[in-house]
Amino acid sequence: MFFCISCDLGVGGCFVASLLAMTAAFINFSSGRAEPYLPALSLRARRRRARQSHYPITTIKIYKMILASSIDRSVLHLDLDTFFVSVERLRNSRLNGKPVIIGGMSDRGVVSSCSYEARKYGVSSAMPMKMARNMCPDAIVIRGDMELYSNYSNIVTGIIAERAPLYEKASVDEHYIDLTGMDRFYGCYKWSHELRQYIIKETGLPISIGLSINKTVSKIATGEAKPNGEIEVQKEIVLPFLDPLSIRKIPMIGQKTYQVLRSMGIATIYTLRNIPVEMLEKLMGKNGIEMWKRANGIDSTPVISYSEQKSISTEHTFEKDTTDLARLNQLLVSMVEKIAFELRKQEKLTSCITVKIRYSNFDTHTLQKRIAYTSFDHVLADITKELFAKLYQRRMLIRLIGVRFSHMVRGVQQLDMFDDTPEKVSLYMAMDRIRKRFGRNAVRRASGVMTVTEREEKALKQLENALKEQNMMEERLKKYMMYGGR
């Protein structure tokens, strides 16, 4: 077997060509030419040859996976297009066709979502707001309303729950539905199309869908269907559909992995899937095997109808970096009180507290502690402040603090015979009833409450920011109207 590698390929291209050549040699065993004629062997000899077989263990496992994945499945993926922006456009139709960015208003904020018009300028989610403004100076920036977005998300989930046999809510704007077996009765694609049209009719939100044999291929199909489209990728055309696409389309490949693969000359899914799986395993470990499987359209991940929440957290980024310990401790207590109330609402207990600090130079440190299961503010707040005191040793300016409760279980608070009393439990129940009726901030712990002056300053600042945001939006919209929407 001879191979010719052109010098025009470059280093990365030559590397890929070499890998493909090795792949051809690797799979040559199937032709039967690699083995000379052998006489009939005894049972013991055949077993010994099987143990000494040149077939790698990983390859045998992969072939088993391919056989297992041959069972026909139908998985639908739904993704609400630029969800936050679409909700804002329902509230204000003048935003249609304009570059819109949702996120923090200050330069220290990040982009939560952006419209396709803004993406043309290179703006993307999780980008620093300062960079996004520089890339798209004419964009309309909106702070966003998570409560409103959650309400719309729940409406869509409710529609799906009424109609779908088995669904999974992957995020605030993504859902998977397992439609396996429905073709016998109705037709998976027809059902999916009608569901999409009904969601659009009921909510007014654009939504794209992809229907295929598993979660990975259906998610990639949805990406190709955007904006506001639908694609079905049947089993016979999975590989022809995936082959020409960029490796970035595979869900698990992030920026760093993409750069590593590109440095090796791997640009398309076709090239990735033709590399021996053993080589990817040596280069990237288990992730290499998983990438190879997905590049070959193999994914046995089931649609999970319910997933227990593993943690609950909250963070606060300061407008101006601070070292004010009194303010920091006050804020920590307030944050604990907020998420402890959520714990009790969900009838859950936590046994692990994590405190997070990000300094002004972006160094991030965390410290956690395992505790007895609880959902009481006074227990959680004391431990949180204790962890913060241990963690904050550098006396540098702090940019962000956060608190997370994890290792959660379902249950109600049990009394501690040495500390808690029935009166204390009754007090928590009474406070929670008031909060449920009049809002989360109706009753607050004194150590987490701001002074009257601090409250007035915060309210004034919020009003100023809201007015500033409204004025900026109006100015941009007038400018677009003046120039005919250009």
# chains A, B, ... in the order shown; residues from 1 in each chain; ligands from 1
$ select_by_dssp --residues "range 113-328 of chain A" --states "strand (DSSP E or B)" --output "PyMOL selection string"
chain A and resi 113-114+128+140-142+167-171+174-178+207-212+230-232+246+268+311-322
$ select_by_dssp --residues "range 340-408 of chain A" --states "alpha helix (DSSP H)" --output "list in words"
Ala340, Phe341, Glu342, Leu343, Arg344, Lys345, Asp377, His378, Val379, Leu380, Ala381, Asp382, Ile383, Thr384, Lys385, Glu386, Leu387, Phe388, Ala389, Lys390 and Leu391 of chain A
$ write_last_selection --atoms "N, CA and C atoms" --output "PDB file, in the first residue's frame"
ATOM      1  N   ALA A 340     -31.761  29.755  50.943  1.00  0.00           N
ATOM      2  CA  ALA A 340     -32.291  28.850  51.962  1.00  0.00           C
ATOM      3  C   ALA A 340     -33.817  28.818  51.893  1.00  0.00           C
ATOM      4  N   PHE A 341     -34.427  29.954  51.596  1.00  0.00           N
ATOM      5  CA  PHE A 341     -35.880  30.018  51.413  1.00  0.00           C
ATOM      6  C   PHE A 341     -36.293  29.145  50.219  1.00  0.00           C
ATOM      7  N   GLU A 342     -35.484  29.177  49.142  1.00  0.00           N
ATOM      8  CA  GLU A 342     -35.774  28.324  47.979  1.00  0.00           C
ATOM      9  C   GLU A 342     -35.674  26.850  48.354  1.00  0.00           C
ATOM     10  N   LEU A 343     -34.695  26.528  49.185  1.00  0.00           N
ATOM     11  CA  LEU A 343     -34.561  25.143  49.662  1.00  0.00           C
ATOM     12  C   LEU A 343     -35.825  24.683  50.367  1.00  0.00           C
ATOM     13  N   ARG A 344     -36.288  25.507  51.298  1.00  0.00           N
ATOM     14  CA  ARG A 344     -37.466  25.115  52.078  1.00  0.00           C
ATOM     15  C   ARG A 344     -38.713  25.065  51.205  1.00  0.00           C
ATOM     16  N   LYS A 345     -38.807  25.943  50.214  1.00  0.00           N
ATOM     17  CA  LYS A 345     -39.952  25.917  49.300  1.00  0.00           C
ATOM     18  C   LYS A 345     -40.010  24.593  48.542  1.00  0.00           C
ATOM     19  N   ASP A 377     -31.651  29.125  58.057  1.00  0.00           N
ATOM     20  CA  ASP A 377     -30.807  30.287  57.740  1.00  0.00           C
ATOM     21  C   ASP A 377     -29.682  30.468  58.756  1.00  0.00           C
ATOM     22  N   HIS A 378     -30.027  30.394  60.044  1.00  0.00           N
ATOM     23  CA  HIS A 378     -29.048  30.753  61.070  1.00  0.00           C
ATOM     24  C   HIS A 378     -27.855  29.793  61.069  1.00  0.00           C
ATOM     25  N   VAL A 379     -28.099  28.521  60.724  1.00  0.00           N
ATOM     26  CA  VAL A 379     -26.996  27.551  60.640  1.00  0.00           C
ATOM     27  C   VAL A 379     -26.156  27.819  59.395  1.00  0.00           C
ATOM     28  N   LEU A 380     -26.823  27.977  58.270  1.00  0.00           N
ATOM     29  CA  LEU A 380     -26.130  28.159  56.996  1.00  0.00           C
ATOM     30  C   LEU A 380     -25.378  29.489  56.939  1.00  0.00           C
ATOM     31  N   ALA A 381     -25.976  30.549  57.506  1.00  0.00           N
ATOM     32  CA  ALA A 381     -25.329  31.872  57.469  1.00  0.00           C
ATOM     33  C   ALA A 381     -24.046  31.880  58.297  1.00  0.00           C
ATOM     34  N   ASP A 382     -24.075  31.275  59.464  1.00  0.00           N
ATOM     35  CA  ASP A 382     -22.876  31.253  60.324  1.00  0.00           C
ATOM     36  C   ASP A 382     -21.733  30.505  59.652  1.00  0.00           C
ATOM     37  N   ILE A 383     -22.040  29.367  59.035  1.00  0.00           N
ATOM     38  CA  ILE A 383     -20.989  28.582  58.374  1.00  0.00           C
ATOM     39  C   ILE A 383     -20.468  29.312  57.141  1.00  0.00           C
ATOM     40  N   THR A 384     -21.354  29.990  56.422  1.00  0.00           N
ATOM     41  CA  THR A 384     -20.944  30.758  55.246  1.00  0.00           C
ATOM     42  C   THR A 384     -19.967  31.867  55.629  1.00  0.00           C
ATOM     43  N   LYS A 385     -20.281  32.591  56.697  1.00  0.00           N
ATOM     44  CA  LYS A 385     -19.374  33.662  57.150  1.00  0.00           C
ATOM     45  C   LYS A 385     -18.049  33.091  57.641  1.00  0.00           C
ATOM     46  N   GLU A 386     -18.109  31.918  58.259  1.00  0.00           N
ATOM     47  CA  GLU A 386     -16.883  31.257  58.722  1.00  0.00           C
ATOM     48  C   GLU A 386     -15.991  30.877  57.534  1.00  0.00           C
ATOM     49  N   LEU A 387     -16.588  30.329  56.479  1.00  0.00           N
ATOM     50  CA  LEU A 387     -15.834  29.958  55.287  1.00  0.00           C
ATOM     51  C   LEU A 387     -15.247  31.187  54.600  1.00  0.00           C
ATOM     52  N   PHE A 388     -16.036  32.256  54.542  1.00  0.00           N
ATOM     53  CA  PHE A 388     -15.552  33.497  53.919  1.00  0.00           C
ATOM     54  C   PHE A 388     -14.343  34.038  54.668  1.00  0.00           C
ATOM     55  N   ALA A 389     -14.389  34.002  55.997  1.00  0.00           N
ATOM     56  CA  ALA A 389     -13.272  34.504  56.812  1.00  0.00           C
ATOM     57  C   ALA A 389     -11.998  33.699  56.553  1.00  0.00           C
ATOM     58  N   LYS A 390     -12.140  32.385  56.361  1.00  0.00           N
ATOM     59  CA  LYS A 390     -10.973  31.546  56.062  1.00  0.00           C
ATOM     60  C   LYS A 390     -10.462  31.775  54.644  1.00  0.00           C
ATOM     61  N   LEU A 391     -11.385  32.021  53.736  1.00  0.00           N
ATOM     62  CA  LEU A 391     -11.031  32.137  52.321  1.00  0.00           C
ATOM     63  C   LEU A 391     -10.402  33.493  51.985  1.00  0.00           C
TER      64      LEU A 391
END
$ atom_distance --atom1 "CA of Phe83 in chain A" --atom2 "CA of Asp173 in chain A"
6.5 Å
$ closest_residue --among "A:Val409, A:Val75, A:Leu477, A:Met105" --to "Lys219 in chain A" --atoms "only C-alpha atoms"
A:Val75
$ residues_around --residues "Met129 in chain A" --least-positions-apart "2" --cutoff "9 Å" --atoms "only C-alpha atoms" --output "list in words"
Ile101, Gly103, Gly104, Met105, Ser106, Asp107, Arg108, Gly109, Val110, Val111, Ala126, Met127, Met131, Ala132, Arg133 and Asn134 of chain A
$ residues_around --residues "Ser74 in chain A" --least-positions-apart "3" --cutoff "12 Å" --atoms "only C-alpha atoms" --output "MDAnalysis selection string"
chainID A and resid 69:71 77 166 176:184 187:189 191:192 210:218 232:235 300 302:303
$ atom_distance --atom1 "CA of Arg294 in chain A" --atom2 "CA of Asn274 in chain A"
12.1 Å
$ residues_around --residues "Asp324 in chain A" --least-positions-apart "6" --cutoff "12 Å" --atoms "only C-alpha atoms" --output "ChimeraX atom specification"
/A:318,330-331,392,395-399
$ atom_distance --atom1 "CA of Glu474 in chain A" --atom2 "CA of Leu90 in chain A"
16.8 Å
$ closest_atom_pairs --of "range 296-399 of chain A" --to "range 236-255 of chain A" --cutoff "12 Å" --atoms "only C-alpha atoms" --output "tab-separated table"
residue	atom	partner	partner_atom	distance
A:Asn296	CA	A:Leu239	CA	6.7
A:Gly297	CA	A:Val238	CA	6.6
A:Ile298	CA	A:Val238	CA	9.9
A:Asp299	CA	A:Ile250	CA	11.6
